[in-house]
Every structure is written in C-alpha cells, then in structure tokens.
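Report on the following structure.
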Amino acid sequence: MQATSQICVAGLATMGQNLALNIARNGIPVTVWNRSPDKVEATLARAGKDWPMRGAHTPQQVAASLVRPRRLLLLVKAGSPVDETIAQFLPVLQAGDLIIDTGNSHPDDTERRSRELKERGFRFVGMGVSGGEEGALNGPSLMPGGERSAYDELAPILKQIAAQVEDGPCVTHVGTGAAGHFVKMVHNGIEYGDMQLIAECFDLMQNVLGMSHAQMADAFAEWNRGFLESFLIEITARILRATDPGTGRPMVDVIVDRAGQKGTGKWTSEMALRYGVPAPTMHAAVEARCLSARKEQRVAASQVLRGPSAGKAPAALVAAVRDALYCSKICSYAQGLDLLATADAEKNWGLDFGEIARIWKGGCIIRARFLGSIQAAFGKQRRLPNLLLDPELGGFLQQHQNSWRKVVALAAEHGVPTLAMGASLSYFDSYRRAVLPQNLTQAQRDLFGAHTFERVDRPAGQMFHHEWP
C-alpha cells in the first residue's frame with residue numbers, strides 16, 4: 001500500500017464518519033479505520049469515488065497508508081477505549097508520529113497520555129471538537145492543545161475543516177498540555193448552563209405566563225433576532241413548533257422530563273471545586289439534570305407536597321424573562337472563563353480568552369452573537385479579572401437587574417424552580433458586594449476549631465484567635 005494519506009480517522013461512529021467525510025471533501029487524502037470493518041465500508045460508500053479516502057482494516061494497513069510523520073486521529077469513546085486504541089496502534093507507529101484524541105476526554109487523562117507517549121517518543125494532541133454530527137460534517141469548532149509544533153503541523157488540515165466565521169476559521173492553538181480538552185470541558189459546562197437557563201424560561205413562560213407553544217416559539221424566534229441570537233435559542237423555537245405525528249400533541253410534551261448527561265458538565269463542576277472557583281450556575285445545571293433523573297420520586301412527591309396557589313402572571317412580562325436570561329447567561333460565562341483563568345494560572349497553558357471566544361462563534365453548540373461581546377471585552381483588556389467587570393456586559397446586568405429580580409421572585413411566588421437563574425443572580429449579588437456574611441463563618445470556625453481569622457483593622461495575612469465567651 002502506497003503512503004499517500006495525510007491523516008487517519010480511527011473510530012467511525014457518526015461523528016467519526018462525518019469528520020472523515022469533512023476531511024476528504026476538502027481534498028485532503030484520508031484513511032479510515034474502525035474495529036468493525038462494516039463501518040469502514042459504510043464510510044467509503046458515503047464518500048464515493050470522487051473524494052480522496054481509502055479504507056484500512058488493520059493497524060498495519062493504516063501505518064502503511066500514511067505519509068511520515070504519521071497522524072492518527074482518534075474519535076472513540078472517552079476513557080479506556082482511548083487507551084486501548086492507542087495501545088493497538090503503538091506497535092506500528094514510529095517515534096515522532098502524532099496521535100490526536102478528539103473525544104471528550106478528561107483533562108487528567110490527557111495529561112497522563114501526553115506524558116506517557118512523550119516518554120516513548122510520540123507526540124500527542126488533545127483536541128476538543130464541538131458542533132455535534134452536523135458540525136463534524138460541515139465545520140466544527142476545534143480546540144487543540146499540546147505542543148505548538150504539533151498544532152502547526154496540523155493547522156493546514158484543521159483550518160480547512162473547521163467552521164468559518166468573519167474573522168477566520170474556528171480553530172486555534174488553545175495552549176500547551178491538556179488545554180484543549182480542558183477548554184472543551186468548560187465549553188460543555190457552559191452549554192449545560194445555557195440549556196438549563198433556557199429550560200427555566202420555557203417553564204416560566206408556560207406555567208407562570210400561561211403562554212401557548214406557538215406563542216413561546218414566536219418569542220424565542222424573536223429573541224434570536226436580537227442580543228440572544230444563538231444556536232440554542234434558534235433550535236428551541238424549532239422544537240416548540242414541532243408536533244408529534246402520532247398524537248398531534250406538541251412534540252416536547254411527549255418527551256419524558258428526564259435529562260441525560262455524559263459527564264463533561266459534572267467534570268466542569270468538579271474542576272471548579274478543585275480550583276476553588278465559584279460556578280453556581282453550572283453546578284445548578286448539573287443538579288437540575290440529577291433532579292430530573294428522579295422521575296419516579298418526583299411523581300410520588302407531587303401527590304403529597306403542595307406548592308403555592310397563584311394565578312397566571314401577565315404575558316407582557318416575557319421581555320423581563322428575556323432580560324433575566326441574558327443576565328444569567330453573562331454570569332454563567334463569567335464563571336466558566338474564571339475557571340479557565342484559574343487553571344491557566346496554575347498550568348501555564350497560555351490561554352487567550354478573546355481567541356477562545358472567537359473560535360466558539362461558529363460550529364459549536366454554544367455559538368452565539370454574545371461571544372462577539374466577550375471577544376471584544378478581552379480585546380480591550382486581555383486579562384480582564386471577571387466578565388462582569390466589562391463595561392458593556394456588566395452595564396447590562398446593572399441596567400436590567402430589576403427585571404431579573406422580578407422574574408426570579410415571580411418564579412418563587414409560583415413555585416417554579418429556577419436553580420440556574422437564581423444561582424446566577426446570587427452570584428452577581430455576591431460578586432458585587434464588598435462585604436459578605438462569611439465574617440460570621442470565620443468566627444464560627446475560630447470558636448469551634450481555633451482556625452483563626454484576619455481583622456479588618458490589621459494588615460491582610462495576619463491571623464488572630466479570640467477567646468470566645
């Protein structure tokens with residue numbers, strides 16, 4: 001077999017197939033491999049004869065098909081399948097060859113693999129890919145981390161297959177080490193927050209404002225023409241217009257209210273706790289999915305636990321719900337970027353937050369007009385301490401906080417949960433205050449455990465203990 005392929009895609013589930021087709025469609029010779037040979041043949045059939053794609057059924061055939069240094073792109077399930085696939089290919093690869101893991105791998109695993117492979121002379125890139133099946137085929141957002149030289153070698157391919165926006169392809173060298181998978185993990189945590197906030201708006205509009213599905217769809221479609229324009233708002237309008245062909249009911253109403261999760265949102269929450277970064281909106285989004293999973297318990301509880309009795313609120317408040325959503329969204333992104341900044345300070349990845357916002361503007365699930373405002377914010381101040389301190393975005397929160405507070409209070413009055421929206425508001429109120437009640441917390445810690453405390457009238461860092469009565 002003559003070595004002509006520039007890259008091999010290993011793992012041909014739908015995402016892998018689509019990414020391979022994207023590569024071939026752009027004129028880049030690609031080899032495809034899968035443990036199941038039928039997936040190889042199916043992918044070749046989709047490509048046809050006009051695109052430069054060839055199939056391989058063994059690691060040896062893959063190695064023989066690739067020009068040196070070889071590039072092996074893995075799109076397999078995170079965890080042990082990644083390690084097993086790497087182990088399967090290492091005997092046929094040579095020092096200097098490049099392995100790219102594009103699954104949703106945990107950053108800790110990426111650091112370990114990078115270290116182990118480097119010791120054996122191989123290069124490793126952990127690359128986040130966002131955009132789902134459609135993005136993989138037509139242009140995803142790509143977040144590669146690792147050595148800069150490895151990215152430079154891959155860049156001609158990645159720039160062609162990535163989503164394209166007005167200021168370039170949605171790919172950049174995110175940073176060294178596990179930066180790519182860490183950024184993708186936080187992207188998914190933000191995605192959890194976005195989806196939960198939209199779900200809470202749906203709940204409010206339906207059960208407090210008394211809006212029909214058509215009215216809600218119209219509202220989301222209108223929001224998608226303004227500052228909330230985004231992929232998730234767009235598809236929410238589409239979902240609310242869909243009808244179940246079997247029953248004639250709104251499609252969303254025949255779907256069980258039990259949300260699944262694959263782990264990346266939970267990892268983001270765990271990482272925020274590890275680094276001591278406040279991320280209440282993302283925590284709430286994960287917890288909301290966990291609560292939704294307790295369907296049987298909730299059904300039983302609904303028969304014995306009663307909420308408040310309240311009439312419908314006027315539908316005219318829909319603009320307030322829109323503003324509350326945007327305010328909450330700003331806080332959610334602020335938390336995600338704070339986590340990135342804190343991890344970057346420890347790991348020295350070299351993250352560029354304006355560039356990260358730019359590559360999220362196309363291809364990925366959280367693509368939105370709002371990301372242009374984040375890009376501009378970091379363009380004005382590269383090391384902005386917190387997104388809330390940007391004059392435009394922080395100004396929006398201050399100008400529209402009355403609507404935000406009204407919506408959260410209205411939800412509480414009607415017994416409608418706003419885990420994420422309420423968490424965002426509390427985050428804003430905590431961050432904007434010079435004094436919080438944790439002085440009492442420190443007093444308690446000192447009383448029962450002699451943990452000491454700082455005094456407001458002494459230099460920071462000096463610790464004191466009080467003999468409590």
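Chain lettering (A, B, ...) mirrors the order of the structure tokens, residue numbering begins at 1 for each chain separately, and ligand numbering begins at 1 in order of display.
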Please identify all polymer residues within 12 Å of A:Ser149, counting only C-alpha atoms, omitting same-chain residues fewer than 3 positions from it, and present them as an MDAnalysis selection string. chainID A and resid 96 98 123:125 144:146 152:155 173 175:176
Contacts of stretch 308-379 of chain A with stretch 409-423 of chain A up to 9 Å, shortest pair per row, only C-alpha atoms, as CSV:
residue,atom,partner,partner_atom,distance
A:Pro308,CA,A:Gly415,CA,6.0
A:Ser309,CA,A:His414,CA,7.0
A:Ala310,CA,A:His414,CA,5.7
A:Gly311,CA,A:His414,CA,8.1
A:Lys312,CA,A:His414,CA,8.6
A:Ala313,CA,A:Leu410,CA,8.3
A:Ala324,CA,A:Met421,CA,7.6
A:Leu325,CA,A:Met421,CA,7.3
A:Cys327,CA,A:Met421,CA,8.7
A:Ser328,CA,A:Met421,CA,5.6
A:Lys329,CA,A:Met421,CA,8.5
A:Ser332,CA,A:Ala420,CA,8.7
Saved selection, atoms kept: all heavy atoms, as an mmCIF file, in the first residue's frame:
data_model
loop_
_atom_site.group_PDB
_atom_site.id
_atom_site.type_symbol
_atom_site.label_atom_id
_atom_site.label_comp_id
_atom_site.auth_asym_id
_atom_site.auth_seq_id
_atom_site.Cartn_x
_atom_site.Cartn_y
_atom_site.Cartn_z
ATOM 1 N N PRO A 308 -47.310 26.782 46.228
ATOM 2 C CA PRO A 308 -48.210 27.921 46.444
ATOM 3 C C PRO A 308 -49.333 27.960 45.407
ATOM 4 O O PRO A 308 -49.205 27.425 44.308
ATOM 5 C CB PRO A 308 -47.285 29.126 46.284
ATOM 6 C CG PRO A 308 -46.203 28.644 45.363
ATOM 7 C CD PRO A 308 -46.003 27.204 45.711
ATOM 8 N N SER A 309 -50.417 28.579 45.799
ATOM 9 C CA SER A 309 -51.525 28.819 44.871
ATOM 10 C C SER A 309 -51.396 30.241 44.348
ATOM 11 O O SER A 309 -51.438 31.205 45.106
ATOM 12 C CB SER A 309 -52.878 28.643 45.575
ATOM 13 O OG SER A 309 -53.009 27.319 46.049
ATOM 14 N N ALA A 310 -51.220 30.364 43.060
ATOM 15 C CA ALA A 310 -51.048 31.694 42.461
ATOM 16 C C ALA A 310 -51.629 31.675 41.063
ATOM 17 O O ALA A 310 -51.532 30.681 40.344
ATOM 18 C CB ALA A 310 -49.565 32.090 42.418
ATOM 19 N N GLY A 311 -52.221 32.776 40.664
ATOM 20 C CA GLY A 311 -52.784 32.893 39.331
ATOM 21 C C GLY A 311 -51.692 33.130 38.304
ATOM 22 O O GLY A 311 -50.518 33.292 38.625
ATOM 23 N N LYS A 312 -52.093 33.164 37.044
ATOM 24 C CA LYS A 312 -51.140 33.412 35.975
ATOM 25 C C LYS A 312 -50.678 34.863 35.993
ATOM 26 O O LYS A 312 -51.453 35.781 36.261
ATOM 27 C CB LYS A 312 -51.759 33.086 34.614
ATOM 28 C CG LYS A 312 -52.183 31.629 34.446
ATOM 29 C CD LYS A 312 -51.003 30.683 34.418
ATOM 30 C CE LYS A 312 -51.439 29.250 34.162
ATOM 31 N NZ LYS A 312 -50.329 28.289 34.228
ATOM 32 N N ALA A 313 -49.415 35.073 35.684
ATOM 33 C CA ALA A 313 -48.871 36.428 35.548
ATOM 34 C C ALA A 313 -49.070 36.898 34.112
ATOM 35 O O ALA A 313 -49.215 36.079 33.191
ATOM 36 C CB ALA A 313 -47.391 36.431 35.910
ATOM 37 N N ALA A 324 -33.752 38.581 31.929
ATOM 38 C CA ALA A 324 -33.237 37.731 33.005
ATOM 39 C C ALA A 324 -32.374 36.608 32.442
ATOM 40 O O ALA A 324 -31.354 36.229 33.031
ATOM 41 C CB ALA A 324 -34.401 37.155 33.815
ATOM 42 N N LEU A 325 -32.780 36.075 31.293
ATOM 43 C CA LEU A 325 -31.999 35.027 30.646
ATOM 44 C C LEU A 325 -30.621 35.544 30.252
ATOM 45 O O LEU A 325 -29.599 34.887 30.497
ATOM 46 C CB LEU A 325 -32.753 34.499 29.423
ATOM 47 C CG LEU A 325 -31.993 33.513 28.526
ATOM 48 C CD1 LEU A 325 -31.532 32.291 29.312
ATOM 49 C CD2 LEU A 325 -32.871 33.092 27.342
ATOM 50 N N CYS A 327 -28.966 38.180 31.438
ATOM 51 C CA CYS A 327 -28.183 38.475 32.643
ATOM 52 C C CYS A 327 -27.591 37.194 33.225
ATOM 53 O O CYS A 327 -26.410 37.139 33.600
ATOM 54 C CB CYS A 327 -29.067 39.150 33.694
ATOM 55 S SG CYS A 327 -29.540 40.855 33.334
ATOM 56 N N SER A 328 -28.415 36.157 33.307
ATOM 57 C CA SER A 328 -27.956 34.882 33.868
ATOM 58 C C SER A 328 -26.882 34.261 32.987
ATOM 59 O O SER A 328 -25.914 33.667 33.487
ATOM 60 C CB SER A 328 -29.141 33.927 34.014
ATOM 61 O OG SER A 328 -30.133 34.472 34.860
ATOM 62 N N LYS A 329 -27.049 34.378 31.690
ATOM 63 C CA LYS A 329 -26.088 33.835 30.724
ATOM 64 C C LYS A 329 -24.723 34.500 30.894
ATOM 65 O O LYS A 329 -23.691 33.833 30.879
ATOM 66 C CB LYS A 329 -26.629 34.055 29.315
ATOM 67 C CG LYS A 329 -25.799 33.497 28.170
ATOM 68 C CD LYS A 329 -26.442 33.890 26.859
ATOM 69 C CE LYS A 329 -25.674 33.379 25.657
ATOM 70 N NZ LYS A 329 -25.996 31.971 25.355
ATOM 71 N N SER A 332 -23.055 32.990 33.851
ATOM 72 C CA SER A 332 -22.609 31.628 33.597
ATOM 73 C C SER A 332 -21.277 31.618 32.847
ATOM 74 O O SER A 332 -20.346 30.880 33.197
ATOM 75 C CB SER A 332 -23.677 30.874 32.794
ATOM 76 O OG SER A 332 -23.279 29.542 32.543
#
Would you mind telling me which residue in A:Gln335, A:Leu19, A:Leu425, A:Arg382 lies nearest to A:Arg405 when using only C-alpha atoms?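 Using only C-alpha atoms, A:Arg405 sits closest to A:Leu425.
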Determine, using only C-alpha atoms, which residues of stretch 183-202 of chain A have any atom at most 10 Å from an atom of stretch 276-297 of chain A, and tabulate each with its shortest atom pair and distance in Å to one decimal place, rows ordered by chain and then rising number, as a Markdown table.
| residue | atom | partner | partner_atom | distance |
| --- | --- | --- | --- | --- |
| A:Val186 | CA | A:Met282 | CA | 9.6 |
| A:Asn188 | CA | A:Met282 | CA | 9.7 |
| A:Gly189 | CA | A:Met282 | CA | 6.0 |
| A:Ile190 | CA | A:Met282 | CA | 6.6 |
| A:Glu191 | CA | A:Met282 | CA | 8.7 |
| A:Tyr192 | CA | A:Ala285 | CA | 5.8 |
| A:Gly193 | CA | A:Met282 | CA | 5.1 |
| A:Asp194 | CA | A:Ala285 | CA | 8.5 |
| A:Met195 | CA | A:Ala285 | CA | 8.0 |
| A:Gln196 | CA | A:Ala285 | CA | 5.5 |
| A:Leu197 | CA | A:Ala285 | CA | 8.0 |
Please list as a list in words every residue within 8 Å of stretch 107-114 of chain A, counting only C-alpha atoms and excluding residues in the same chain fewer than 3 positions away.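 Residues near the query, excluding close chain neighbours: Gly79, Leu117, Lys118, Arg123, Phe124, Val125, Gly126, Gly177, Ala178, Ala179, His181 and Phe182 of chain A.
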Can you write out the residues you just picked, keeping N, CA, C and O atoms, as a PDB file, in the first residue's frame?
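Wrote out.pdb, looks like this:
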ATOM      1  N   GLY A  79     -12.212   7.514  27.904  1.00  0.00           N
ATOM      2  CA  GLY A  79     -11.890   6.541  28.942  1.00  0.00           C
ATOM      3  C   GLY A  79     -11.015   5.428  28.407  1.00  0.00           C
ATOM      4  O   GLY A  79     -10.143   5.640  27.555  1.00  0.00           O
ATOM      5  N   LEU A 117       3.202   9.105  26.379  1.00  0.00           N
ATOM      6  CA  LEU A 117       3.579   8.986  24.973  1.00  0.00           C
ATOM      7  C   LEU A 117       4.860   9.748  24.669  1.00  0.00           C
ATOM      8  O   LEU A 117       5.676   9.308  23.846  1.00  0.00           O
ATOM      9  N   LYS A 118       5.050  10.875  25.322  1.00  0.00           N
ATOM     10  CA  LYS A 118       6.282  11.629  25.120  1.00  0.00           C
ATOM     11  C   LYS A 118       7.496  10.817  25.551  1.00  0.00           C
ATOM     12  O   LYS A 118       8.552  10.839  24.899  1.00  0.00           O
ATOM     13  N   ARG A 123       4.232  12.073  19.813  1.00  0.00           N
ATOM     14  CA  ARG A 123       3.613  13.366  20.104  1.00  0.00           C
ATOM     15  C   ARG A 123       2.109  13.164  20.281  1.00  0.00           C
ATOM     16  O   ARG A 123       1.520  12.301  19.630  1.00  0.00           O
ATOM     17  N   PHE A 124       1.513  13.976  21.135  1.00  0.00           N
ATOM     18  CA  PHE A 124       0.097  13.784  21.480  1.00  0.00           C
ATOM     19  C   PHE A 124      -0.611  15.125  21.544  1.00  0.00           C
ATOM     20  O   PHE A 124      -0.093  16.096  22.116  1.00  0.00           O
ATOM     21  N   VAL A 125      -1.788  15.171  20.947  1.00  0.00           N
ATOM     22  CA  VAL A 125      -2.642  16.367  20.974  1.00  0.00           C
ATOM     23  C   VAL A 125      -4.012  15.965  21.503  1.00  0.00           C
ATOM     24  O   VAL A 125      -4.623  15.006  21.002  1.00  0.00           O
ATOM     25  N   GLY A 126      -4.487  16.659  22.534  1.00  0.00           N
ATOM     26  CA  GLY A 126      -5.865  16.503  22.994  1.00  0.00           C
ATOM     27  C   GLY A 126      -6.678  17.624  22.382  1.00  0.00           C
ATOM     28  O   GLY A 126      -6.416  18.799  22.645  1.00  0.00           O
ATOM     29  N   GLY A 177      -0.105  21.345  26.886  1.00  0.00           N
ATOM     30  CA  GLY A 177      -0.651  20.328  27.782  1.00  0.00           C
ATOM     31  C   GLY A 177      -2.068  19.928  27.436  1.00  0.00           C
ATOM     32  O   GLY A 177      -2.419  19.717  26.281  1.00  0.00           O
ATOM     33  N   ALA A 178      -2.912  19.848  28.482  1.00  0.00           N
ATOM     34  CA  ALA A 178      -4.301  19.406  28.318  1.00  0.00           C
ATOM     35  C   ALA A 178      -5.258  20.566  28.072  1.00  0.00           C
ATOM     36  O   ALA A 178      -6.469  20.424  28.254  1.00  0.00           O
ATOM     37  N   ALA A 179      -4.715  21.704  27.635  1.00  0.00           N
ATOM     38  CA  ALA A 179      -5.546  22.896  27.476  1.00  0.00           C
ATOM     39  C   ALA A 179      -6.744  22.662  26.564  1.00  0.00           C
ATOM     40  O   ALA A 179      -7.852  23.140  26.834  1.00  0.00           O
ATOM     41  N   HIS A 181      -8.549  19.915  25.857  1.00  0.00           N
ATOM     42  CA  HIS A 181      -9.657  19.177  26.475  1.00  0.00           C
ATOM     43  C   HIS A 181     -10.229  19.915  27.678  1.00  0.00           C
ATOM     44  O   HIS A 181     -11.423  19.787  27.986  1.00  0.00           O
ATOM     45  N   PHE A 182      -9.411  20.705  28.373  1.00  0.00           N
ATOM     46  CA  PHE A 182      -9.937  21.488  29.490  1.00  0.00           C
ATOM     47  C   PHE A 182     -10.895  22.555  28.972  1.00  0.00           C
ATOM     48  O   PHE A 182     -11.988  22.760  29.523  1.00  0.00           O
TER      49      PHE A 182
END
For each of A:Ser302, A:Ser130, A:Gln215, A:Ser65, take the minimum atom-to-atom distance to A:Thr4, counting only C-alpha atoms, then give the residue where this is smallest.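 Ranking A:Ser302, A:Ser130, A:Gln215, A:Ser65 by distance to A:Thr4, first place goes to A:Ser65.
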Quick check for you: according to DSSP on this backbone, which residues of stretch 92-263 of chain A are classed as helix (DSSP H, G or I)? Reply as number ranges by chain. A: 92, 107-119, 132-138, 148-161, 179-207, 213-223, 231-241, 251-254
Smallest atom-to-atom distance to A:Asp83: which of A:Met127, A:Leu436, A:Leu204, A:Ile99, using only C-alpha atoms?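 Checking each candidate against A:Asp83, we get A:Ile99 as the closest.
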So which one's closest to A:Leu351, A:Ala443, A:Gly180, A:Asn34, A:Ile255? Using only C-alpha atoms, please. A:Gly180
Considering only C-alpha atoms, return as a list in words whatever protein or nucleic-acid residues lie within 9 Å of A:Leu44, sequence-local ones (same chain, fewer than 3 positions apart) excluded. Leu21, Val32, Lys39, Val40, Glu41, Ala47, Gly48, Lys49, Met53, Arg54 and Gly55 of chain A
Using only C-alpha atoms, determine which residues lie at most 7 Å from A:Ala357, disregarding the query and same-chain residues fewer than 4 positions distant; provide the list as a PyMOL selection string. chain A and resi 353+361+371+374-375
Dump as a short mmCIF file (atom, residue, chain, number, x, y, z; two decimals), in the first residue's frame, selection limited to all heavy atoms:
data_model
loop_
_atom_site.label_atom_id
_atom_site.label_comp_id
_atom_site.auth_asym_id
_atom_site.auth_seq_id
_atom_site.Cartn_x
_atom_site.Cartn_y
_atom_site.Cartn_z
N PHE A 353 -8.27 34.33 25.99
CA PHE A 353 -9.72 34.23 26.16
C PHE A 353 -10.49 34.88 25.02
O PHE A 353 -11.57 34.42 24.66
CB PHE A 353 -10.12 34.79 27.52
CG PHE A 353 -9.41 34.12 28.65
CD1 PHE A 353 -8.44 34.77 29.39
CD2 PHE A 353 -9.66 32.79 28.94
CE1 PHE A 353 -7.75 34.13 30.41
CE2 PHE A 353 -8.98 32.13 29.95
CZ PHE A 353 -8.02 32.81 30.69
N LYS A 361 -17.53 31.10 18.13
CA LYS A 361 -18.58 31.84 17.42
C LYS A 361 -19.20 31.04 16.28
O LYS A 361 -20.26 31.42 15.77
CB LYS A 361 -18.04 33.16 16.89
CG LYS A 361 -17.70 34.18 17.96
CD LYS A 361 -17.53 35.59 17.41
CE LYS A 361 -16.44 35.70 16.39
NZ LYS A 361 -16.24 37.10 15.94
N LEU A 371 -20.88 35.94 21.99
CA LEU A 371 -19.45 35.65 22.03
C LEU A 371 -18.63 36.77 21.41
O LEU A 371 -17.47 36.96 21.77
CB LEU A 371 -19.17 34.31 21.36
CG LEU A 371 -19.62 33.11 22.18
CD1 LEU A 371 -19.81 31.88 21.31
CD2 LEU A 371 -18.64 32.81 23.30
N ILE A 374 -17.89 39.05 24.20
CA ILE A 374 -16.82 38.52 25.05
C ILE A 374 -15.47 38.73 24.37
O ILE A 374 -14.49 39.15 25.01
CB ILE A 374 -17.05 37.04 25.36
CG1 ILE A 374 -18.33 36.84 26.17
CG2 ILE A 374 -15.85 36.44 26.10
CD1 ILE A 374 -18.65 35.40 26.49
N GLN A 375 -15.41 38.46 23.07
CA GLN A 375 -14.18 38.68 22.32
C GLN A 375 -13.75 40.14 22.41
O GLN A 375 -12.56 40.44 22.63
CB GLN A 375 -14.40 38.28 20.86
CG GLN A 375 -13.16 38.37 19.98
CD GLN A 375 -13.46 38.03 18.53
OE1 GLN A 375 -14.61 37.79 18.15
NE2 GLN A 375 -12.43 38.01 17.71
#
For A:Glu133, which residue among A:Ala13, A:Ala272, A:Leu384, A:Ala259 is the nearest when counting only C-alpha atoms?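 Looking at the shortest contact to A:Glu133, the residue is A:Ala13.
Between A:Glu270 and the candidates A:Pro140, A:Met185, A:Gln6, A:Leu397, the tightest atom-to-atom separation, counting only C-alpha atoms, involves A:Met185.
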So that I can check the surroundings of A:Val183, please list as a short mmCIF file (atom, residue, chain, number, x, y, z; two decimals) with all heavy atoms, in the first residue's frame every protein, DNA and RNA residue that reaches within 8 Å of it, counting only C-alpha atoms and ignoring chain neighbours fewer than 5 positions away.
data_model
loop_
_atom_site.label_atom_id
_atom_site.label_comp_id
_atom_site.auth_asym_id
_atom_site.auth_seq_id
_atom_site.Cartn_x
_atom_site.Cartn_y
_atom_site.Cartn_z
N GLY A 128 -10.46 19.23 21.63
CA GLY A 128 -11.90 19.29 21.77
C GLY A 128 -12.55 19.57 20.43
O GLY A 128 -12.04 20.34 19.63
N MET A 143 -10.63 22.73 19.23
CA MET A 143 -9.86 23.26 20.35
C MET A 143 -8.65 22.37 20.64
O MET A 143 -8.63 21.60 21.59
CB MET A 143 -10.77 23.36 21.59
CG MET A 143 -11.91 24.34 21.44
SD MET A 143 -13.34 23.97 22.50
CE MET A 143 -14.49 23.28 21.30
N VAL A 174 -5.01 26.29 21.32
CA VAL A 174 -5.58 26.75 22.58
C VAL A 174 -4.49 26.95 23.63
O VAL A 174 -4.50 27.94 24.37
CB VAL A 174 -6.64 25.74 23.07
CG1 VAL A 174 -7.12 26.10 24.47
CG2 VAL A 174 -7.82 25.72 22.12
N LEU A 340 -11.33 28.81 33.66
CA LEU A 340 -10.23 28.71 32.70
C LEU A 340 -9.03 29.53 33.15
O LEU A 340 -7.88 29.08 33.09
CB LEU A 340 -10.69 29.16 31.31
CG LEU A 340 -11.66 28.25 30.56
CD1 LEU A 340 -12.05 28.90 29.24
CD2 LEU A 340 -11.03 26.88 30.31
#
